[in-house]
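What follows is a short report on a single structure.
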Amino acid sequence: MNKKYPIARPYLVGNEEKYVFEVIRSGVLSMGSKVEKFEKKFAEFIGVKYACAVSSGTAGLHLAMIAAGIKNGDEVITSPFSFVASANSILYVGAKPVFVDIDPVTYNMDPKKIEEKITNLPAGRQEKLKAILVVHIFGQSADMDPILKIAKKYKLKIIEDCCQAHGAEINGRRVGTFGDMACFSFYPTKNLGTYGDGGMILTDNKKIADVCRSLRMYGMKQGYTSEIEGYNSRLDEVHAAILNVKIKYLKQWNQERKAVAEYYIKNIKNSKIILPKVFHGLSSSWHLFVVRTEYRSRLEKYLKACKIGYGIHYPYPIHFQPAYKFLSYKPASLPQTEKFAKQILSLPIFPELTRRELIYIIDKINLFK
Ligand SMILES: Cc1ncc(COP(=O)(O)O)c(C=O)c1O
């Protein structure tokens, strides 16, 4: 598609090359000072004690599941309205996702439905339930207060999937500080992205951090002794060097994204388009700007003709992905998710989106019939 106005644009700060070549010339390409520095900076930014940099958000979620002690036969509550990588992490450890339908405002799991789901589980299943994987989808923070209460009541661990939510807050506290662990992605289009893949596990628990560090490095603590079954899930020094440069701009970029979102919300006036709402006390990192419409295929054609980039995040709820067929979810089992998956459409949002570009996009959307 010849997109005049892309949906996202990976941005260059300008001096990344200098630091990349510094790493290459240093000869320390793995597990060096750049990774350590980035771990410290990112942990400080979010507000947690320990950080373990990994090769992707997916790797982070995988290792977090292992570190949380989730095993074969266990069950984990999560959202069906996410990128498939969220639920995949549950499958990696042999556990089963238990999907909970979403709230129509936040697009995240509806806390009332979480408790309903737990109490309605047949005999024997409640004991198998070990954790809640909370996704802050599109950058919109989930309603953590009731979720934390449920987790406490049923003794469930909480892992936050913050892969789209770098800097999103709840009453001034950043997401990633609420659960036992939180995972972030640094894929190029994320609010903080490298030029390749990267991820991070955050936690306030030193034991968990140590386990994750060992898991990312073949199960080794030092030397060549593999104490637990581990993986190669390290973040390399080149990506850490790039992220050390870019993290300085994260706050500013998030403000620029917020300004774009607010401009859309103020100026899009079309009864066929439903705009996102921010729930009281919760905030968004505005990773994506997702609208809904009952006329999506028409809107897609129209945007293509106007050369405006858009995305569908995501066209299939996870419980209907072919890889999840074995769970035998029937149509209408998670009605809100299934309805919204047919209506959502993401408009361009990124820090460098100019006012001129925004006005063009808004004018075109307001003319959509
Ligand atoms: C909600 C969510 N979870 C997990 C991931 C996986 O992250 P990564 O692509 O870094 O593996 C993504 C990536 O897009 C995501 O959006």
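Following the order of the structure tokens, chains are lettered A, B, ..., residues in each are numbered from 1, and ligands are numbered from 1.
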
(message) What's around region 110-119 of chain A at 12 Å? Count only C-alpha atoms, leave out sequence neighbours fewer than 4 positions away in its own chain, and write the answer as a VMD selection string.
(response) chain A and resid 75 to 81 98 to 106 123 to 136 142 to 156 333 to 334 336 to 337

(message) Please find the residues contacting ligand 1 at a distance of at most 7 Å between atoms, with only C-alpha atoms and all ligand atoms counted, and report them as a list in words.
(response) Ser56, Gly57, Thr58, Ala59, Ser82, Phe83, Ala85, Ser86, Val135, Ile137, Asp161, Cys162, Cys163, Gln164, Ser185, Phe186, Tyr187, Asp197, Gly198 and Gly199 of chain A

Among region 203-236 of chain A, which residues carry a DSSP assignment of helix (DSSP H, G or I), reported as a compact mmCIF listing (two decimals) with N, CA, C and O atoms, in the first residue's frame?
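Final file, part-v2.txt:
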```txt
# COMPACT_ATOMS: atom_id res chain seq x y z
N LYS A 206 13.87 -9.80 44.68
CA LYS A 206 15.25 -10.13 44.25
C LYS A 206 15.37 -11.59 43.79
O LYS A 206 16.06 -11.89 42.80
N LYS A 207 14.67 -12.48 44.53
CA LYS A 207 14.75 -13.91 44.16
C LYS A 207 14.24 -14.11 42.73
O LYS A 207 14.84 -14.83 41.94
N ILE A 208 13.10 -13.48 42.44
CA ILE A 208 12.53 -13.61 41.09
C ILE A 208 13.50 -13.03 40.06
O ILE A 208 13.74 -13.63 39.00
N ALA A 209 14.09 -11.88 40.37
CA ALA A 209 15.04 -11.24 39.43
C ALA A 209 16.22 -12.17 39.17
O ALA A 209 16.65 -12.34 38.02
N ASP A 210 16.73 -12.80 40.23
CA ASP A 210 17.87 -13.72 40.07
C ASP A 210 17.51 -14.92 39.20
O ASP A 210 18.31 -15.34 38.36
N VAL A 211 16.31 -15.45 39.42
CA VAL A 211 15.87 -16.60 38.60
C VAL A 211 15.78 -16.18 37.14
O VAL A 211 16.26 -16.89 36.24
N CYS A 212 15.20 -15.00 36.89
CA CYS A 212 15.05 -14.53 35.50
C CYS A 212 16.43 -14.34 34.85
O CYS A 212 16.62 -14.68 33.68
N ARG A 213 17.37 -13.79 35.61
CA ARG A 213 18.73 -13.56 35.06
C ARG A 213 19.39 -14.88 34.69
O ARG A 213 20.11 -14.97 33.69
N SER A 214 19.15 -15.88 35.51
CA SER A 214 19.71 -17.19 35.22
C SER A 214 19.02 -17.83 34.00
O SER A 214 19.67 -18.38 33.11
N LEU A 215 17.68 -17.69 33.97
CA LEU A 215 16.90 -18.28 32.86
C LEU A 215 17.30 -17.68 31.50
O LEU A 215 17.33 -18.39 30.50
```

May I have the residues within 12 Å of Tyr360 (chain A) as a PDB file with all heavy atoms, in the first residue's frame, using only C-alpha atoms and disregarding those fewer than 2 positions away in the same chain?
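Writing the result to around13.pdb gives the following:
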```pdb
ATOM      1  N   LYS A   4       0.754   7.501   2.401  1.00  0.00           N
ATOM      2  CA  LYS A   4       1.317   8.836   2.536  1.00  0.00           C
ATOM      3  C   LYS A   4       1.454   9.161   4.024  1.00  0.00           C
ATOM      4  O   LYS A   4       2.370   9.813   4.459  1.00  0.00           O
ATOM      5  CB  LYS A   4       0.392   9.825   1.843  1.00  0.00           C
ATOM      6  CG  LYS A   4       1.022  11.162   1.626  1.00  0.00           C
ATOM      7  CD  LYS A   4       0.129  12.011   0.749  1.00  0.00           C
ATOM      8  CE  LYS A   4       0.634  13.430   0.731  1.00  0.00           C
ATOM      9  NZ  LYS A   4      -0.401  14.349   0.309  1.00  0.00           N
ATOM     10  N   TYR A   5       0.484   8.685   4.809  1.00  0.00           N
ATOM     11  CA  TYR A   5       0.466   8.946   6.241  1.00  0.00           C
ATOM     12  C   TYR A   5       0.555   7.605   6.970  1.00  0.00           C
ATOM     13  O   TYR A   5      -0.450   6.930   7.128  1.00  0.00           O
ATOM     14  CB  TYR A   5      -0.830   9.681   6.619  1.00  0.00           C
ATOM     15  CG  TYR A   5      -0.952  11.005   5.907  1.00  0.00           C
ATOM     16  CD1 TYR A   5      -1.533  11.088   4.643  1.00  0.00           C
ATOM     17  CD2 TYR A   5      -0.451  12.162   6.494  1.00  0.00           C
ATOM     18  CE1 TYR A   5      -1.621  12.300   3.988  1.00  0.00           C
ATOM     19  CE2 TYR A   5      -0.529  13.384   5.841  1.00  0.00           C
ATOM     20  CZ  TYR A   5      -1.120  13.438   4.581  1.00  0.00           C
ATOM     21  OH  TYR A   5      -1.198  14.643   3.926  1.00  0.00           O
ATOM     22  N   TYR A 264      -7.032  14.290  18.355  1.00  0.00           N
ATOM     23  CA  TYR A 264      -8.020  13.425  17.675  1.00  0.00           C
ATOM     24  C   TYR A 264      -9.360  13.489  18.420  1.00  0.00           C
ATOM     25  O   TYR A 264     -10.416  13.665  17.814  1.00  0.00           O
ATOM     26  CB  TYR A 264      -7.549  11.967  17.710  1.00  0.00           C
ATOM     27  CG  TYR A 264      -6.647  11.503  16.579  1.00  0.00           C
ATOM     28  CD1 TYR A 264      -5.559  10.673  16.856  1.00  0.00           C
ATOM     29  CD2 TYR A 264      -6.908  11.816  15.251  1.00  0.00           C
ATOM     30  CE1 TYR A 264      -4.731  10.189  15.847  1.00  0.00           C
ATOM     31  CE2 TYR A 264      -6.092  11.339  14.225  1.00  0.00           C
ATOM     32  CZ  TYR A 264      -5.011  10.529  14.532  1.00  0.00           C
ATOM     33  OH  TYR A 264      -4.209  10.053  13.529  1.00  0.00           O
ATOM     34  N   ASN A 267     -11.225  16.743  17.970  1.00  0.00           N
ATOM     35  CA  ASN A 267     -11.597  17.198  16.623  1.00  0.00           C
ATOM     36  C   ASN A 267     -12.289  16.182  15.730  1.00  0.00           C
ATOM     37  O   ASN A 267     -12.858  16.576  14.706  1.00  0.00           O
ATOM     38  CB  ASN A 267     -10.356  17.754  15.915  1.00  0.00           C
ATOM     39  CG  ASN A 267      -9.871  19.012  16.588  1.00  0.00           C
ATOM     40  OD1 ASN A 267     -10.558  20.036  16.585  1.00  0.00           O
ATOM     41  ND2 ASN A 267      -8.725  18.936  17.241  1.00  0.00           N
ATOM     42  N   ILE A 268     -12.225  14.897  16.080  1.00  0.00           N
ATOM     43  CA  ILE A 268     -12.962  13.944  15.228  1.00  0.00           C
ATOM     44  C   ILE A 268     -14.433  14.043  15.598  1.00  0.00           C
ATOM     45  O   ILE A 268     -14.808  13.846  16.762  1.00  0.00           O
ATOM     46  CB  ILE A 268     -12.432  12.489  15.381  1.00  0.00           C
ATOM     47  CG1 ILE A 268     -11.005  12.386  14.836  1.00  0.00           C
ATOM     48  CG2 ILE A 268     -13.361  11.501  14.656  1.00  0.00           C
ATOM     49  CD1 ILE A 268     -10.367  11.006  14.956  1.00  0.00           C
ATOM     50  N   LEU A 303      -9.871   4.929   3.826  1.00  0.00           N
ATOM     51  CA  LEU A 303      -8.550   5.363   4.302  1.00  0.00           C
ATOM     52  C   LEU A 303      -7.466   5.025   3.276  1.00  0.00           C
ATOM     53  O   LEU A 303      -6.536   5.799   3.058  1.00  0.00           O
ATOM     54  CB  LEU A 303      -8.230   4.740   5.662  1.00  0.00           C
ATOM     55  CG  LEU A 303      -9.094   5.219   6.843  1.00  0.00           C
ATOM     56  CD1 LEU A 303      -8.764   4.435   8.107  1.00  0.00           C
ATOM     57  CD2 LEU A 303      -8.895   6.710   7.099  1.00  0.00           C
ATOM     58  N   CYS A 306      -7.503   7.528   0.677  1.00  0.00           N
ATOM     59  CA  CYS A 306      -6.949   8.811   1.181  1.00  0.00           C
ATOM     60  C   CYS A 306      -5.468   8.689   1.524  1.00  0.00           C
ATOM     61  O   CYS A 306      -4.870   9.649   2.029  1.00  0.00           O
ATOM     62  CB  CYS A 306      -7.698   9.253   2.441  1.00  0.00           C
ATOM     63  SG  CYS A 306      -9.435   9.578   2.194  1.00  0.00           S
ATOM     64  N   LYS A 307      -4.891   7.503   1.290  1.00  0.00           N
ATOM     65  CA  LYS A 307      -3.473   7.244   1.615  1.00  0.00           C
ATOM     66  C   LYS A 307      -3.159   7.470   3.102  1.00  0.00           C
ATOM     67  O   LYS A 307      -2.107   7.993   3.471  1.00  0.00           O
ATOM     68  CB  LYS A 307      -2.546   8.092   0.749  1.00  0.00           C
ATOM     69  CG  LYS A 307      -2.605   7.734  -0.742  1.00  0.00           C
ATOM     70  CD  LYS A 307      -1.446   8.389  -1.451  1.00  0.00           C
ATOM     71  CE  LYS A 307      -1.188   7.885  -2.844  1.00  0.00           C
ATOM     72  NZ  LYS A 307      -2.275   7.667  -3.733  1.00  0.00           N
ATOM     73  N   ILE A 308      -4.118   7.068   3.934  1.00  0.00           N
ATOM     74  CA  ILE A 308      -3.906   7.149   5.390  1.00  0.00           C
ATOM     75  C   ILE A 308      -3.670   5.730   5.907  1.00  0.00           C
ATOM     76  O   ILE A 308      -4.514   4.850   5.722  1.00  0.00           O
ATOM     77  CB  ILE A 308      -5.133   7.785   6.101  1.00  0.00           C
ATOM     78  CG1 ILE A 308      -5.299   9.238   5.634  1.00  0.00           C
ATOM     79  CG2 ILE A 308      -4.985   7.711   7.619  1.00  0.00           C
ATOM     80  CD1 ILE A 308      -6.574   9.909   6.112  1.00  0.00           C
ATOM     81  N   PRO A 348      -3.181   6.517  12.708  1.00  0.00           N
ATOM     82  CA  PRO A 348      -1.764   6.850  12.929  1.00  0.00           C
ATOM     83  C   PRO A 348      -1.552   7.583  14.252  1.00  0.00           C
ATOM     84  O   PRO A 348      -2.287   8.511  14.570  1.00  0.00           O
ATOM     85  CB  PRO A 348      -1.426   7.770  11.751  1.00  0.00           C
ATOM     86  CG  PRO A 348      -2.414   7.409  10.688  1.00  0.00           C
ATOM     87  CD  PRO A 348      -3.670   7.035  11.415  1.00  0.00           C
ATOM     88  N   LEU A 353       4.243  12.856  14.396  1.00  0.00           N
ATOM     89  CA  LEU A 353       3.082  13.164  13.549  1.00  0.00           C
ATOM     90  C   LEU A 353       2.832  14.679  13.626  1.00  0.00           C
ATOM     91  O   LEU A 353       2.623  15.227  14.702  1.00  0.00           O
ATOM     92  CB  LEU A 353       1.871  12.395  14.081  1.00  0.00           C
ATOM     93  CG  LEU A 353       0.634  12.295  13.214  1.00  0.00           C
ATOM     94  CD1 LEU A 353       0.908  11.560  11.913  1.00  0.00           C
ATOM     95  CD2 LEU A 353      -0.475  11.562  13.954  1.00  0.00           C
ATOM     96  N   THR A 354       2.879  15.334  12.487  1.00  0.00           N
ATOM     97  CA  THR A 354       2.794  16.807  12.511  1.00  0.00           C
ATOM     98  C   THR A 354       1.338  17.257  12.592  1.00  0.00           C
ATOM     99  O   THR A 354       0.421  16.521  12.244  1.00  0.00           O
ATOM    100  CB  THR A 354       3.417  17.427  11.243  1.00  0.00           C
ATOM    101  OG1 THR A 354       2.642  16.980  10.122  1.00  0.00           O
ATOM    102  CG2 THR A 354       4.869  17.037  11.080  1.00  0.00           C
ATOM    103  N   ARG A 355       1.154  18.500  13.010  1.00  0.00           N
ATOM    104  CA  ARG A 355      -0.193  19.067  13.085  1.00  0.00           C
ATOM    105  C   ARG A 355      -0.850  19.054  11.694  1.00  0.00           C
ATOM    106  O   ARG A 355      -2.028  18.756  11.549  1.00  0.00           O
ATOM    107  CB  ARG A 355      -0.063  20.485  13.652  1.00  0.00           C
ATOM    108  CG  ARG A 355      -1.338  21.165  14.132  1.00  0.00           C
ATOM    109  CD  ARG A 355      -2.222  20.324  14.998  1.00  0.00           C
ATOM    110  NE  ARG A 355      -1.795  20.006  16.324  1.00  0.00           N
ATOM    111  CZ  ARG A 355      -2.067  20.694  17.420  1.00  0.00           C
ATOM    112  NH1 ARG A 355      -2.748  21.796  17.354  1.00  0.00           N
ATOM    113  NH2 ARG A 355      -1.662  20.269  18.604  1.00  0.00           N
ATOM    114  N   ARG A 356      -0.040  19.300  10.658  1.00  0.00           N
ATOM    115  CA  ARG A 356      -0.575  19.319   9.293  1.00  0.00           C
ATOM    116  C   ARG A 356      -1.100  17.930   8.894  1.00  0.00           C
ATOM    117  O   ARG A 356      -2.182  17.803   8.326  1.00  0.00           O
ATOM    118  CB  ARG A 356       0.540  19.774   8.332  1.00  0.00           C
ATOM    119  CG  ARG A 356       0.017  20.653   7.237  1.00  0.00           C
ATOM    120  CD  ARG A 356       1.123  21.359   6.480  1.00  0.00           C
ATOM    121  NE  ARG A 356       0.958  21.047   5.071  1.00  0.00           N
ATOM    122  CZ  ARG A 356       1.874  20.444   4.342  1.00  0.00           C
ATOM    123  NH1 ARG A 356       3.023  20.088   4.873  1.00  0.00           N
ATOM    124  NH2 ARG A 356       1.638  20.203   3.079  1.00  0.00           N
ATOM    125  N   GLU A 357      -0.290  16.917   9.235  1.00  0.00           N
ATOM    126  CA  GLU A 357      -0.705  15.536   8.927  1.00  0.00           C
ATOM    127  C   GLU A 357      -1.983  15.182   9.699  1.00  0.00           C
ATOM    128  O   GLU A 357      -2.906  14.583   9.155  1.00  0.00           O
ATOM    129  CB  GLU A 357       0.410  14.556   9.304  1.00  0.00           C
ATOM    130  CG  GLU A 357       1.620  14.599   8.385  1.00  0.00           C
ATOM    131  CD  GLU A 357       2.783  13.738   8.881  1.00  0.00           C
ATOM    132  OE1 GLU A 357       3.078  13.740  10.088  1.00  0.00           O
ATOM    133  OE2 GLU A 357       3.408  13.072   8.047  1.00  0.00           O
ATOM    134  N   LEU A 358      -2.000  15.592  10.979  1.00  0.00           N
ATOM    135  CA  LEU A 358      -3.164  15.302  11.826  1.00  0.00           C
ATOM    136  C   LEU A 358      -4.432  15.947  11.280  1.00  0.00           C
ATOM    137  O   LEU A 358      -5.492  15.309  11.228  1.00  0.00           O
ATOM    138  CB  LEU A 358      -2.913  15.878  13.220  1.00  0.00           C
ATOM    139  CG  LEU A 358      -2.563  14.929  14.349  1.00  0.00           C
ATOM    140  CD1 LEU A 358      -2.361  15.702  15.632  1.00  0.00           C
ATOM    141  CD2 LEU A 358      -3.622  13.861  14.538  1.00  0.00           C
ATOM    142  N   ILE A 362      -7.798  14.034  10.218  1.00  0.00           N
ATOM    143  CA  ILE A 362      -9.074  14.363  10.886  1.00  0.00           C
ATOM    144  C   ILE A 362     -10.104  14.861   9.866  1.00  0.00           C
ATOM    145  O   ILE A 362     -11.260  14.429   9.879  1.00  0.00           O
ATOM    146  CB  ILE A 362      -8.843  15.381  12.020  1.00  0.00           C
ATOM    147  CG1 ILE A 362      -8.059  14.715  13.162  1.00  0.00           C
ATOM    148  CG2 ILE A 362     -10.165  15.942  12.546  1.00  0.00           C
ATOM    149  CD1 ILE A 362      -7.477  15.656  14.183  1.00  0.00           C
ATOM    150  N   ASP A 363      -9.669  15.729   8.975  1.00  0.00           N
ATOM    151  CA  ASP A 363     -10.611  16.243   7.947  1.00  0.00           C
ATOM    152  C   ASP A 363     -11.192  15.098   7.137  1.00  0.00           C
ATOM    153  O   ASP A 363     -12.385  15.047   6.878  1.00  0.00           O
ATOM    154  CB  ASP A 363      -9.887  17.211   6.992  1.00  0.00           C
ATOM    155  CG  ASP A 363      -9.680  18.581   7.621  1.00  0.00           C
ATOM    156  OD1 ASP A 363     -10.245  18.815   8.706  1.00  0.00           O
ATOM    157  OD2 ASP A 363      -8.930  19.390   7.039  1.00  0.00           O
ATOM    158  N   LYS A 364     -10.327  14.167   6.751  1.00  0.00           N
ATOM    159  CA  LYS A 364     -10.792  13.035   5.931  1.00  0.00           C
ATOM    160  C   LYS A 364     -11.762  12.174   6.741  1.00  0.00           C
ATOM    161  O   LYS A 364     -12.795  11.742   6.226  1.00  0.00           O
ATOM    162  CB  LYS A 364      -9.609  12.182   5.458  1.00  0.00           C
ATOM    163  CG  LYS A 364      -8.724  12.875   4.444  1.00  0.00           C
ATOM    164  CD  LYS A 364      -9.451  13.088   3.127  1.00  0.00           C
ATOM    165  CE  LYS A 364      -8.584  13.804   2.117  1.00  0.00           C
ATOM    166  NZ  LYS A 364      -9.338  14.372   1.006  1.00  0.00           N
ATOM    167  N   ILE A 365     -11.433  11.919   8.012  1.00  0.00           N
ATOM    168  CA  ILE A 365     -12.308  11.066   8.832  1.00  0.00           C
ATOM    169  C   ILE A 365     -13.659  11.739   9.056  1.00  0.00           C
ATOM    170  O   ILE A 365     -14.702  11.077   9.012  1.00  0.00           O
ATOM    171  CB  ILE A 365     -11.614  10.688  10.151  1.00  0.00           C
ATOM    172  CG1 ILE A 365     -10.505   9.679   9.823  1.00  0.00           C
ATOM    173  CG2 ILE A 365     -12.587  10.071  11.161  1.00  0.00           C
ATOM    174  CD1 ILE A 365      -9.621   9.349  10.946  1.00  0.00           C
ATOM    175  N   ASN A 366     -13.631  13.047   9.244  1.00  0.00           N
ATOM    176  CA  ASN A 366     -14.905  13.751   9.454  1.00  0.00           C
ATOM    177  C   ASN A 366     -15.784  13.727   8.209  1.00  0.00           C
ATOM    178  O   ASN A 366     -16.999  13.851   8.295  1.00  0.00           O
ATOM    179  CB  ASN A 366     -14.650  15.192   9.919  1.00  0.00           C
ATOM    180  CG  ASN A 366     -14.179  15.205  11.374  1.00  0.00           C
ATOM    181  OD1 ASN A 366     -14.325  14.203  12.093  1.00  0.00           O
ATOM    182  ND2 ASN A 366     -13.626  16.315  11.813  1.00  0.00           N
ATOM    183  N   LEU A 367     -15.154  13.532   7.038  1.00  0.00           N
ATOM    184  CA  LEU A 367     -15.928  13.485   5.786  1.00  0.00           C
ATOM    185  C   LEU A 367     -16.400  12.059   5.451  1.00  0.00           C
ATOM    186  O   LEU A 367     -17.136  11.868   4.487  1.00  0.00           O
ATOM    187  CB  LEU A 367     -15.066  14.023   4.626  1.00  0.00           C
ATOM    188  CG  LEU A 367     -14.806  15.530   4.632  1.00  0.00           C
ATOM    189  CD1 LEU A 367     -13.768  15.905   3.572  1.00  0.00           C
ATOM    190  CD2 LEU A 367     -16.105  16.293   4.394  1.00  0.00           C
TER     191      LEU A 367
END
```

(request) List every residue of region 137-321 of chain A that DSSP, applied to the backbone, labels as strand (DSSP E or B), and write the result as a PyMOL selection string. (result) chain A and resi 140+157-161+169-170+173-174+181-185+199-203+217+220+226+232+234+236+274+282+284+289-292+308+311

How about saving the chosen residues, N, CA and C atoms kept, as a short mmCIF file (atom, residue, chain, number, x, y, z; two decimals), in the first residue's frame?
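Dumped everything to part-v9.cif:
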```cif
data_model
loop_
_atom_site.label_atom_id
_atom_site.label_comp_id
_atom_site.auth_asym_id
_atom_site.auth_seq_id
_atom_site.Cartn_x
_atom_site.Cartn_y
_atom_site.Cartn_z
N GLN A 140 -3.41 1.48 27.39
CA GLN A 140 -4.41 1.87 28.39
C GLN A 140 -4.26 0.98 29.63
N LYS A 157 -0.78 -15.17 41.53
CA LYS A 157 0.32 -14.25 41.17
C LYS A 157 -0.19 -13.30 40.07
N ILE A 158 0.43 -12.13 39.99
CA ILE A 158 0.07 -11.21 38.89
C ILE A 158 1.30 -10.90 38.05
N ILE A 159 1.15 -11.15 36.76
CA ILE A 159 2.19 -10.74 35.80
C ILE A 159 1.54 -9.69 34.91
N GLU A 160 2.19 -8.55 34.80
CA GLU A 160 1.65 -7.48 33.94
C GLU A 160 2.33 -7.54 32.57
N ASP A 161 1.52 -7.56 31.53
CA ASP A 161 2.04 -7.43 30.17
C ASP A 161 1.96 -5.95 29.81
N GLU A 169 -0.07 5.18 33.49
CA GLU A 169 -0.15 5.31 34.96
C GLU A 169 -1.55 5.03 35.48
N ILE A 170 -1.60 4.73 36.78
CA ILE A 170 -2.87 4.66 37.49
C ILE A 170 -2.71 5.57 38.70
N ARG A 173 0.83 6.35 39.45
CA ARG A 173 1.80 5.26 39.63
C ARG A 173 1.89 4.48 38.32
N ARG A 174 3.12 4.23 37.87
CA ARG A 174 3.30 3.61 36.55
C ARG A 174 2.90 2.13 36.54
N MET A 181 5.49 -9.34 38.75
CA MET A 181 6.45 -9.11 37.67
C MET A 181 5.75 -8.33 36.56
N ALA A 182 6.57 -7.63 35.76
CA ALA A 182 6.01 -6.94 34.59
C ALA A 182 6.96 -7.13 33.42
N CYS A 183 6.38 -7.23 32.23
CA CYS A 183 7.20 -7.44 31.03
C CYS A 183 6.95 -6.33 30.02
N PHE A 184 8.03 -5.87 29.43
CA PHE A 184 7.98 -4.80 28.43
C PHE A 184 8.63 -5.28 27.14
N SER A 185 8.22 -4.65 26.02
CA SER A 185 8.83 -4.95 24.72
C SER A 185 9.48 -3.68 24.19
N GLY A 199 13.49 -6.69 25.18
CA GLY A 199 12.43 -6.76 26.20
C GLY A 199 13.00 -6.62 27.59
N MET A 200 12.11 -6.57 28.58
CA MET A 200 12.55 -6.39 29.97
C MET A 200 11.56 -7.02 30.93
N ILE A 201 12.11 -7.65 31.97
CA ILE A 201 11.27 -8.13 33.08
C ILE A 201 11.58 -7.23 34.27
N LEU A 202 10.56 -6.72 34.91
CA LEU A 202 10.75 -5.90 36.11
C LEU A 202 10.09 -6.57 37.31
N THR A 203 10.70 -6.40 38.48
CA THR A 203 10.13 -6.96 39.70
C THR A 203 10.75 -6.28 40.92
N MET A 217 20.11 -16.83 30.58
CA MET A 217 21.51 -17.13 30.28
C MET A 217 21.77 -18.62 30.48
N MET A 220 22.43 -20.40 33.83
CA MET A 220 23.71 -20.24 34.55
C MET A 220 23.68 -19.01 35.45
N SER A 226 25.15 -24.94 34.48
CA SER A 226 23.74 -24.69 34.20
C SER A 226 22.92 -25.30 35.33
N ASN A 232 18.57 -18.98 25.83
CA ASN A 232 19.38 -17.85 25.41
C ASN A 232 18.40 -16.72 25.10
N ARG A 234 19.03 -13.26 26.07
CA ARG A 234 19.67 -12.02 26.50
C ARG A 234 19.36 -10.86 25.56
N ASP A 236 21.21 -7.85 23.73
CA ASP A 236 22.64 -7.62 23.45
C ASP A 236 23.02 -6.16 23.65
N ILE A 274 -16.50 5.70 16.87
CA ILE A 274 -16.51 5.74 18.35
C ILE A 274 -15.07 5.93 18.81
N LEU A 282 -7.23 6.23 35.46
CA LEU A 282 -6.34 5.41 34.63
C LEU A 282 -5.80 6.28 33.50
N SER A 284 -3.25 6.41 29.71
CA SER A 284 -2.75 5.60 28.60
C SER A 284 -1.40 6.12 28.15
N PHE A 289 -3.91 4.38 18.84
CA PHE A 289 -5.15 5.15 18.95
C PHE A 289 -6.22 4.35 18.22
N VAL A 290 -7.07 3.69 19.01
CA VAL A 290 -8.00 2.71 18.43
C VAL A 290 -9.43 3.25 18.48
N VAL A 291 -10.02 3.37 17.30
CA VAL A 291 -11.43 3.78 17.23
C VAL A 291 -12.26 2.54 16.88
N ARG A 292 -13.58 2.69 17.00
CA ARG A 292 -14.46 1.59 16.58
C ARG A 292 -15.51 2.12 15.61
N ILE A 308 -4.12 7.07 3.93
CA ILE A 308 -3.91 7.15 5.39
C ILE A 308 -3.67 5.73 5.91
N GLY A 311 -4.30 0.31 11.09
CA GLY A 311 -4.04 -1.08 11.46
C GLY A 311 -5.28 -1.68 12.09
#
```

(message) Residues near Glu22 (chain A), anyone? I mean within 12 Å using only C-alpha atoms, not counting same-chain ones fewer than 5 positions away, as a list of chain:residue names.
(response) A:Asn15, A:Glu16, A:Glu17, A:Gly27, A:Val28, A:Leu29, A:Lys34, A:Glu237, A:Val238, A:Ala241, A:Ile242

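Residue neighbourhood of Pro315 (chain A), excluding near-sequence residues (fewer than 3 positions): Pro80, Phe81, Ser82, Phe83, Val84, Arg296, Ser297, Gly311, Ile312, Ile318, His319, Phe320, Gln321, Thr337, Glu338, Lys339, Phe340, Ala341, Lys342, Gln343, Ile344, Leu345 and Ser346 of chain A, at 12 Å, using only C-alpha atoms.
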
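Of the listed residues A:Gly196, A:Pro188, A:Gly230, A:Pro322, the one whose atoms come nearest to Arg9 (chain A) is A:Pro188, with distances taken using only C-alpha atoms.
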
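Nearest to Tyr19 (chain A) of all the residues A:Leu327, A:Ile361, A:Val260, A:Val245 is A:Val245, counting only C-alpha atoms.
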
(message) Just to confirm, what's the straight-line distance from CA of Asn191 (chain A) to CA of His287 (chain A) in Å (one decimal)?
(response) 6.1 Å

(request) Tell me which protein, DNA and RNA residues are within 10 Å of Tyr11 (chain A), counting only C-alpha atoms, leaving out same-chain ones fewer than 6 positions away, and put them as a ChimeraX atom specification. (result) /A:188-189,192-195,246,350-352
